[in-house]
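Enquirer: Sharing a structure here in structure tokens format.
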Amino acid sequence: MNLQELIALYRADGQDGKNSIGGCDDDVLCSDELLTIYANEAQDEACRRGQLLRDSTSSWCTIKAAAGAEAIGLNALAIQILRAFADGQPLTTIHVDEMDCLFPGWQFQSAQNRPTHLVTGVSTGQLYLWPRPAQECTIKLTVQRLPLKPMRADTDKPEIRQELHPALVNWMLYRVYGRTDSDIFDPSKAAVSLANFEAEFGSKSSGRNETWVRQGDGLMPGPIA
């Protein structure tokens with residue numbers, strides 16, 4: 001399905017004007033522009049909950065680390081690092097708290113060699129190398145990520161698998177039914193739509209929990225929210 005078809009399916013299911021492809025009704029309760037925002041939000045939510053998109057081929061999954069480099073950047077689309085290699089040799093991804101316990105003072109050691117550990121939790125958007133590379137090396141990542149770009153044109157399609165596309169409409173219905181300033185506001189229908197979405201993609205985890213998983217806080221108890 002493309003963006004136009006997602007919006008048309010929403011209008012049919014929600015009985016909100018323009019209720020078929022090619023239909024025409026100017027009296028709509030939710031604009032195409034706002035539905036486009038909801039459709040992109042739906043795909044982001046699906047990827048966060050269902051871990052649907054994995055990537056090792058995007059350009060930012062291959063990073064050149066200069067000799068002596070302390071850290072490398074991590075693209076903001078990455079949700080979690082699944083695998084990491086330095087010049088074809090595996091890297092251990094480890095949280096800074098555990099690293100501090102295993103190798104006290106690691107960040108201030110001057111010895112350089114091929115990196116063996118990739119340290120998270122020091123700085124947002126940064127992965128620290130230990131030991132620092134003695135010469136330029138290539139870091140190769142496999143990540144769970146968000147979609148590469150939002151849908152904007154009618155012909156744009158979600159990046160997730162085709163059979164999952166219709167379930168995205170459940171999120172769009174949930175968001176529209178939950179608008180308290182709209183004539184279509186209906187908490188019970190919003191709850192049903194959200195339940196249908198979660199049946200396909202899973203329940204929401206808090207941003208705090210996602211950060212805990214992403215950073216690998218192995219020595220700390222799991223967050224409760």
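So you can find residues: chains in the structure tokens are A, B, ... in the order shown, residues in each start at 1, and ligands are numbered from 1 in order.
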Name the residues of stretch 31-82 of chain A that come out as helix (DSSP H, G or I) in a backbone DSSP run; write them as number ranges by chain.

Expert: A: 32-50, 59-61

Enquirer: Do a neighbour search on A:Ile72 at 8 Å with only C-alpha atoms, toss out local chain neighbours closer than 5 positions, and write the hits as a list in words.

Expert: Ile63, Ala65, Gln126, Leu127, Tyr128 and Leu129 of chain A

Enquirer: Enumerate, in order of chain and increasing residue number, the residues of stretch 116-208 of chain A with an atom no farther than 8 Å from stretch 31-38 of chain A, each with its shortest atom pair and distance in Å to one decimal, counting only C-alpha atoms, as JSON lines.

Expert:
```
{"residue": "A:Met151", "atom": "CA", "partner": "A:Thr36", "partner_atom": "CA", "distance": 7.3}
{"residue": "A:Arg152", "atom": "CA", "partner": "A:Thr36", "partner_atom": "CA", "distance": 7.0}
{"residue": "A:Trp171", "atom": "CA", "partner": "A:Tyr38", "partner_atom": "CA", "distance": 7.4}
{"residue": "A:Met172", "atom": "CA", "partner": "A:Tyr38", "partner_atom": "CA", "distance": 5.4}
{"residue": "A:Arg175", "atom": "CA", "partner": "A:Tyr38", "partner_atom": "CA", "distance": 7.1}
```

Enquirer: Would you mind exporting all heavy atoms of the selected residues as a short mmCIF file (atom, residue, chain, number, x, y, z; two decimals), in the first residue's frame?

Expert:
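New file result25.cif:
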```cif
data_model
loop_
_atom_site.label_atom_id
_atom_site.label_comp_id
_atom_site.auth_asym_id
_atom_site.auth_seq_id
_atom_site.Cartn_x
_atom_site.Cartn_y
_atom_site.Cartn_z
N MET A 151 7.06 9.24 4.80
CA MET A 151 6.22 9.25 3.60
C MET A 151 5.66 10.67 3.42
O MET A 151 5.13 11.25 4.37
CB MET A 151 5.08 8.25 3.74
CG MET A 151 5.52 6.81 3.84
SD MET A 151 4.12 5.67 4.13
CE MET A 151 3.79 5.99 5.89
N ARG A 152 5.77 11.21 2.22
CA ARG A 152 5.25 12.55 1.93
C ARG A 152 4.36 12.54 0.68
O ARG A 152 3.27 13.08 0.70
CB ARG A 152 6.40 13.54 1.75
CG ARG A 152 7.19 13.81 3.04
CD ARG A 152 8.12 14.99 2.87
NE ARG A 152 8.83 15.31 4.10
CZ ARG A 152 10.03 14.86 4.41
NH1 ARG A 152 10.68 14.04 3.58
NH2 ARG A 152 10.61 15.19 5.56
N TRP A 171 -3.61 2.63 13.93
CA TRP A 171 -3.01 3.74 14.68
C TRP A 171 -3.60 5.07 14.23
O TRP A 171 -3.88 5.94 15.07
CB TRP A 171 -1.49 3.76 14.50
CG TRP A 171 -0.83 4.86 15.25
CD1 TRP A 171 -0.53 6.12 14.80
CD2 TRP A 171 -0.41 4.83 16.62
NE1 TRP A 171 0.06 6.87 15.79
CE2 TRP A 171 0.14 6.10 16.92
CE3 TRP A 171 -0.44 3.84 17.61
CZ2 TRP A 171 0.66 6.41 18.17
CZ3 TRP A 171 0.07 4.16 18.86
CH2 TRP A 171 0.61 5.43 19.14
N MET A 172 -3.81 5.22 12.94
CA MET A 172 -4.41 6.46 12.42
C MET A 172 -5.81 6.65 13.00
O MET A 172 -6.18 7.75 13.42
CB MET A 172 -4.44 6.41 10.90
CG MET A 172 -3.04 6.32 10.27
SD MET A 172 -3.05 5.83 8.53
CE MET A 172 -3.80 7.28 7.77
N ARG A 175 -5.56 7.67 16.68
CA ARG A 175 -5.19 9.07 16.88
C ARG A 175 -6.36 10.01 16.57
O ARG A 175 -6.58 10.99 17.28
CB ARG A 175 -3.99 9.41 16.00
CG ARG A 175 -2.71 8.73 16.42
CD ARG A 175 -2.13 9.32 17.69
NE ARG A 175 -1.31 10.47 17.38
CZ ARG A 175 -1.35 11.64 18.01
NH1 ARG A 175 -2.22 11.83 18.98
NH2 ARG A 175 -0.54 12.62 17.68
#
```

Enquirer: At a cut-off of 10 Å, using only C-alpha atoms, what residues contact stretch 196-204 of chain A? Leave out same-chain residues fewer than 2 positions from it and give the result as a ChimeraX atom specification.

Expert: /A:42,45-52,164,166-174,190-194,206-207,209-210

Enquirer: Please return as a PyMOL selection string: the residues of stretch 26-157 of chain A that backbone DSSP assigns to strand (DSSP E).

Expert: chain A and resi 54-55+62-65+71-73+78-86+89-90+92-95+112-113+117-120+126-130+132-133+137-145

Enquirer: Convert the current residue selection to file output with N, CA and C atoms, as a compact mmCIF listing (two decimals), in the first residue's frame.

Expert:
```txt
# COMPACT_ATOMS: atom_id res chain seq x y z
N ARG A 54 15.79 -4.02 10.38
CA ARG A 54 17.19 -4.27 10.73
C ARG A 54 18.05 -3.89 9.54
N ASP A 55 19.23 -3.36 9.81
CA ASP A 55 20.01 -2.77 8.72
C ASP A 55 21.49 -2.95 8.98
N THR A 62 28.45 1.64 8.23
CA THR A 62 29.89 1.43 8.03
C THR A 62 30.61 2.73 8.34
N ILE A 63 31.44 2.72 9.37
CA ILE A 63 32.05 3.94 9.89
C ILE A 63 33.56 3.78 9.90
N LYS A 64 34.25 4.75 9.34
CA LYS A 64 35.70 4.79 9.39
C LYS A 64 36.14 5.47 10.69
N ALA A 65 36.92 4.76 11.47
CA ALA A 65 37.46 5.31 12.71
C ALA A 65 38.94 5.61 12.51
N ALA A 71 35.91 8.00 19.85
CA ALA A 71 34.52 7.60 19.68
C ALA A 71 34.10 7.77 18.23
N ILE A 72 32.99 7.13 17.89
CA ILE A 72 32.37 7.29 16.58
C ILE A 72 30.92 7.68 16.79
N GLY A 73 30.31 8.30 15.80
CA GLY A 73 28.92 8.72 15.90
C GLY A 73 27.96 7.59 15.56
N ALA A 78 19.08 4.79 14.56
CA ALA A 78 19.38 3.50 15.19
C ALA A 78 18.69 3.41 16.54
N ILE A 79 17.94 2.34 16.76
CA ILE A 79 17.28 2.10 18.04
C ILE A 79 18.17 1.24 18.92
N GLN A 80 18.81 0.23 18.33
CA GLN A 80 19.63 -0.69 19.12
C GLN A 80 20.71 -1.29 18.23
N ILE A 81 21.90 -1.47 18.79
CA ILE A 81 22.99 -2.14 18.08
C ILE A 81 22.84 -3.64 18.29
N LEU A 82 22.78 -4.38 17.20
CA LEU A 82 22.61 -5.83 17.29
C LEU A 82 23.93 -6.58 17.11
N ARG A 83 24.80 -6.06 16.25
CA ARG A 83 26.11 -6.68 15.99
C ARG A 83 27.09 -5.57 15.66
N ALA A 84 28.37 -5.80 15.97
CA ALA A 84 29.40 -4.81 15.66
C ALA A 84 30.73 -5.52 15.38
N PHE A 85 31.45 -5.01 14.39
CA PHE A 85 32.74 -5.58 14.01
C PHE A 85 33.74 -4.45 13.73
N ALA A 86 35.01 -4.72 14.02
CA ALA A 86 36.10 -3.81 13.68
C ALA A 86 37.04 -4.56 12.75
N GLN A 89 36.50 -8.24 12.79
CA GLN A 89 36.59 -8.94 14.07
C GLN A 89 35.48 -8.43 15.01
N PRO A 90 34.82 -9.34 15.74
CA PRO A 90 33.67 -8.92 16.55
C PRO A 90 34.05 -7.95 17.66
N THR A 92 32.61 -6.30 21.28
CA THR A 92 31.67 -6.49 22.37
C THR A 92 31.02 -5.16 22.69
N THR A 93 29.69 -5.09 22.54
CA THR A 93 28.97 -3.88 22.91
C THR A 93 28.66 -3.93 24.40
N ILE A 94 29.07 -2.90 25.13
CA ILE A 94 29.01 -2.93 26.59
C ILE A 94 28.66 -1.54 27.12
N HIS A 95 27.89 -1.51 28.20
CA HIS A 95 27.51 -0.23 28.80
C HIS A 95 28.66 0.30 29.65
N GLN A 112 47.01 1.78 22.38
CA GLN A 112 46.20 1.68 21.17
C GLN A 112 46.41 0.32 20.52
N ASN A 113 45.34 -0.21 19.98
CA ASN A 113 45.37 -1.51 19.34
C ASN A 113 44.10 -1.63 18.52
N HIS A 117 36.04 -3.47 22.22
CA HIS A 117 34.79 -3.13 22.89
C HIS A 117 34.21 -1.84 22.31
N LEU A 118 32.89 -1.82 22.25
CA LEU A 118 32.15 -0.64 21.82
C LEU A 118 31.30 -0.21 23.01
N VAL A 119 31.62 0.95 23.58
CA VAL A 119 31.05 1.35 24.87
C VAL A 119 29.90 2.34 24.67
N THR A 120 28.74 2.00 25.23
CA THR A 120 27.57 2.88 25.16
C THR A 120 27.37 3.58 26.49
N GLN A 126 26.95 8.72 20.64
CA GLN A 126 28.36 8.39 20.47
C GLN A 126 28.64 6.97 20.98
N LEU A 127 29.51 6.27 20.28
CA LEU A 127 29.98 4.95 20.70
C LEU A 127 31.48 5.05 20.93
N TYR A 128 31.93 4.68 22.11
CA TYR A 128 33.34 4.83 22.46
C TYR A 128 34.10 3.53 22.17
N LEU A 129 35.31 3.69 21.64
CA LEU A 129 36.14 2.56 21.23
C LEU A 129 37.18 2.25 22.30
N TRP A 130 37.33 0.96 22.60
CA TRP A 130 38.39 0.55 23.52
C TRP A 130 38.96 -0.79 23.08
N ARG A 132 41.59 2.35 21.90
CA ARG A 132 41.52 3.21 20.72
C ARG A 132 42.32 2.58 19.59
N PRO A 133 41.86 2.76 18.36
CA PRO A 133 42.53 2.08 17.23
C PRO A 133 43.95 2.62 17.00
N CYS A 137 40.52 2.08 11.13
CA CYS A 137 39.80 0.81 11.02
C CYS A 137 38.37 1.07 10.58
N THR A 138 37.71 0.02 10.14
CA THR A 138 36.32 0.12 9.68
C THR A 138 35.41 -0.57 10.69
N ILE A 139 34.46 0.20 11.22
CA ILE A 139 33.48 -0.34 12.15
C ILE A 139 32.21 -0.65 11.36
N LYS A 140 31.76 -1.87 11.45
CA LYS A 140 30.57 -2.31 10.74
C LYS A 140 29.49 -2.67 11.75
N LEU A 141 28.31 -2.04 11.62
CA LEU A 141 27.23 -2.24 12.57
C LEU A 141 26.03 -2.91 11.90
N THR A 142 25.33 -3.72 12.67
CA THR A 142 23.98 -4.15 12.33
C THR A 142 23.08 -3.57 13.40
N VAL A 143 22.03 -2.85 12.98
CA VAL A 143 21.20 -2.14 13.94
C VAL A 143 19.72 -2.43 13.70
N GLN A 144 18.95 -2.25 14.74
CA GLN A 144 17.50 -2.10 14.62
C GLN A 144 17.27 -0.61 14.48
N ARG A 145 16.41 -0.21 13.55
CA ARG A 145 16.28 1.23 13.29
C ARG A 145 14.84 1.63 12.96
```

Enquirer: Closest to A:Gly105 among A:Asp16, A:Pro131, A:Gly88, A:Ile160, using only C-alpha atoms?

Expert: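 Of A:Asp16, A:Pro131, A:Gly88, A:Ile160, the one nearest A:Gly105, counting only C-alpha atoms, is A:Pro131.
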
Enquirer: For atom CA of A:Thr155 and atom CA of A:Asn75, determine how far apart the two atoms are, in Å to one decimal place.

Expert: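 Rounded to one decimal, the two atoms are 26.5 Å apart.
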
Enquirer: What is the distance, in Å and to one decimal place, between atom CA of A:Asp183 and atom CA of A:Leu29?

Expert: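 Result for atom CA of A:Asp183 versus atom CA of A:Leu29: 7.1 Å, one decimal.
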
Enquirer: Using only C-alpha atoms, which protein or nucleic acid residues come within 10 Å of A:Lys189? Drop anything in the same chain fewer than 6 positions from it, and give the result as a PyMOL selection string.

Expert: chain A and resi 14+173-174+176-178+195

Enquirer: Would you write out those residues with N, CA and C atoms, as a short mmCIF file (atom, residue, chain, number, x, y, z; two decimals), in the first residue's frame?

Expert:
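Result file is selection_37.cif:
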```
data_model
loop_
_atom_site.label_atom_id
_atom_site.label_comp_id
_atom_site.auth_asym_id
_atom_site.auth_seq_id
_atom_site.Cartn_x
_atom_site.Cartn_y
_atom_site.Cartn_z
N GLY A 14 -13.08 4.73 8.91
CA GLY A 14 -13.53 5.75 9.85
C GLY A 14 -14.73 6.54 9.39
N LEU A 173 -6.61 5.57 13.05
CA LEU A 173 -7.94 5.65 13.64
C LEU A 173 -7.86 5.98 15.13
N TYR A 174 -6.92 5.36 15.81
CA TYR A 174 -6.73 5.63 17.24
C TYR A 174 -6.45 7.10 17.49
N VAL A 176 -7.10 9.71 15.50
CA VAL A 176 -8.22 10.57 15.14
C VAL A 176 -9.36 10.44 16.15
N TYR A 177 -9.72 9.22 16.55
CA TYR A 177 -10.78 9.02 17.53
C TYR A 177 -10.42 9.64 18.87
N GLY A 178 -9.12 9.82 19.13
CA GLY A 178 -8.69 10.38 20.41
C GLY A 178 -8.58 11.89 20.42
N ALA A 195 -5.97 -1.30 20.51
CA ALA A 195 -5.83 -2.73 20.81
C ALA A 195 -5.55 -3.51 19.53
#
```

Enquirer: From the list A:Asp87, A:Asp13, A:Asp97, A:Glu136, which residue is nearest A:Ala67 when using only C-alpha atoms?

Expert: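 Checking each of A:Asp87, A:Asp13, A:Asp97, A:Glu136 against A:Ala67, counting only C-alpha atoms, the winner is A:Glu136.
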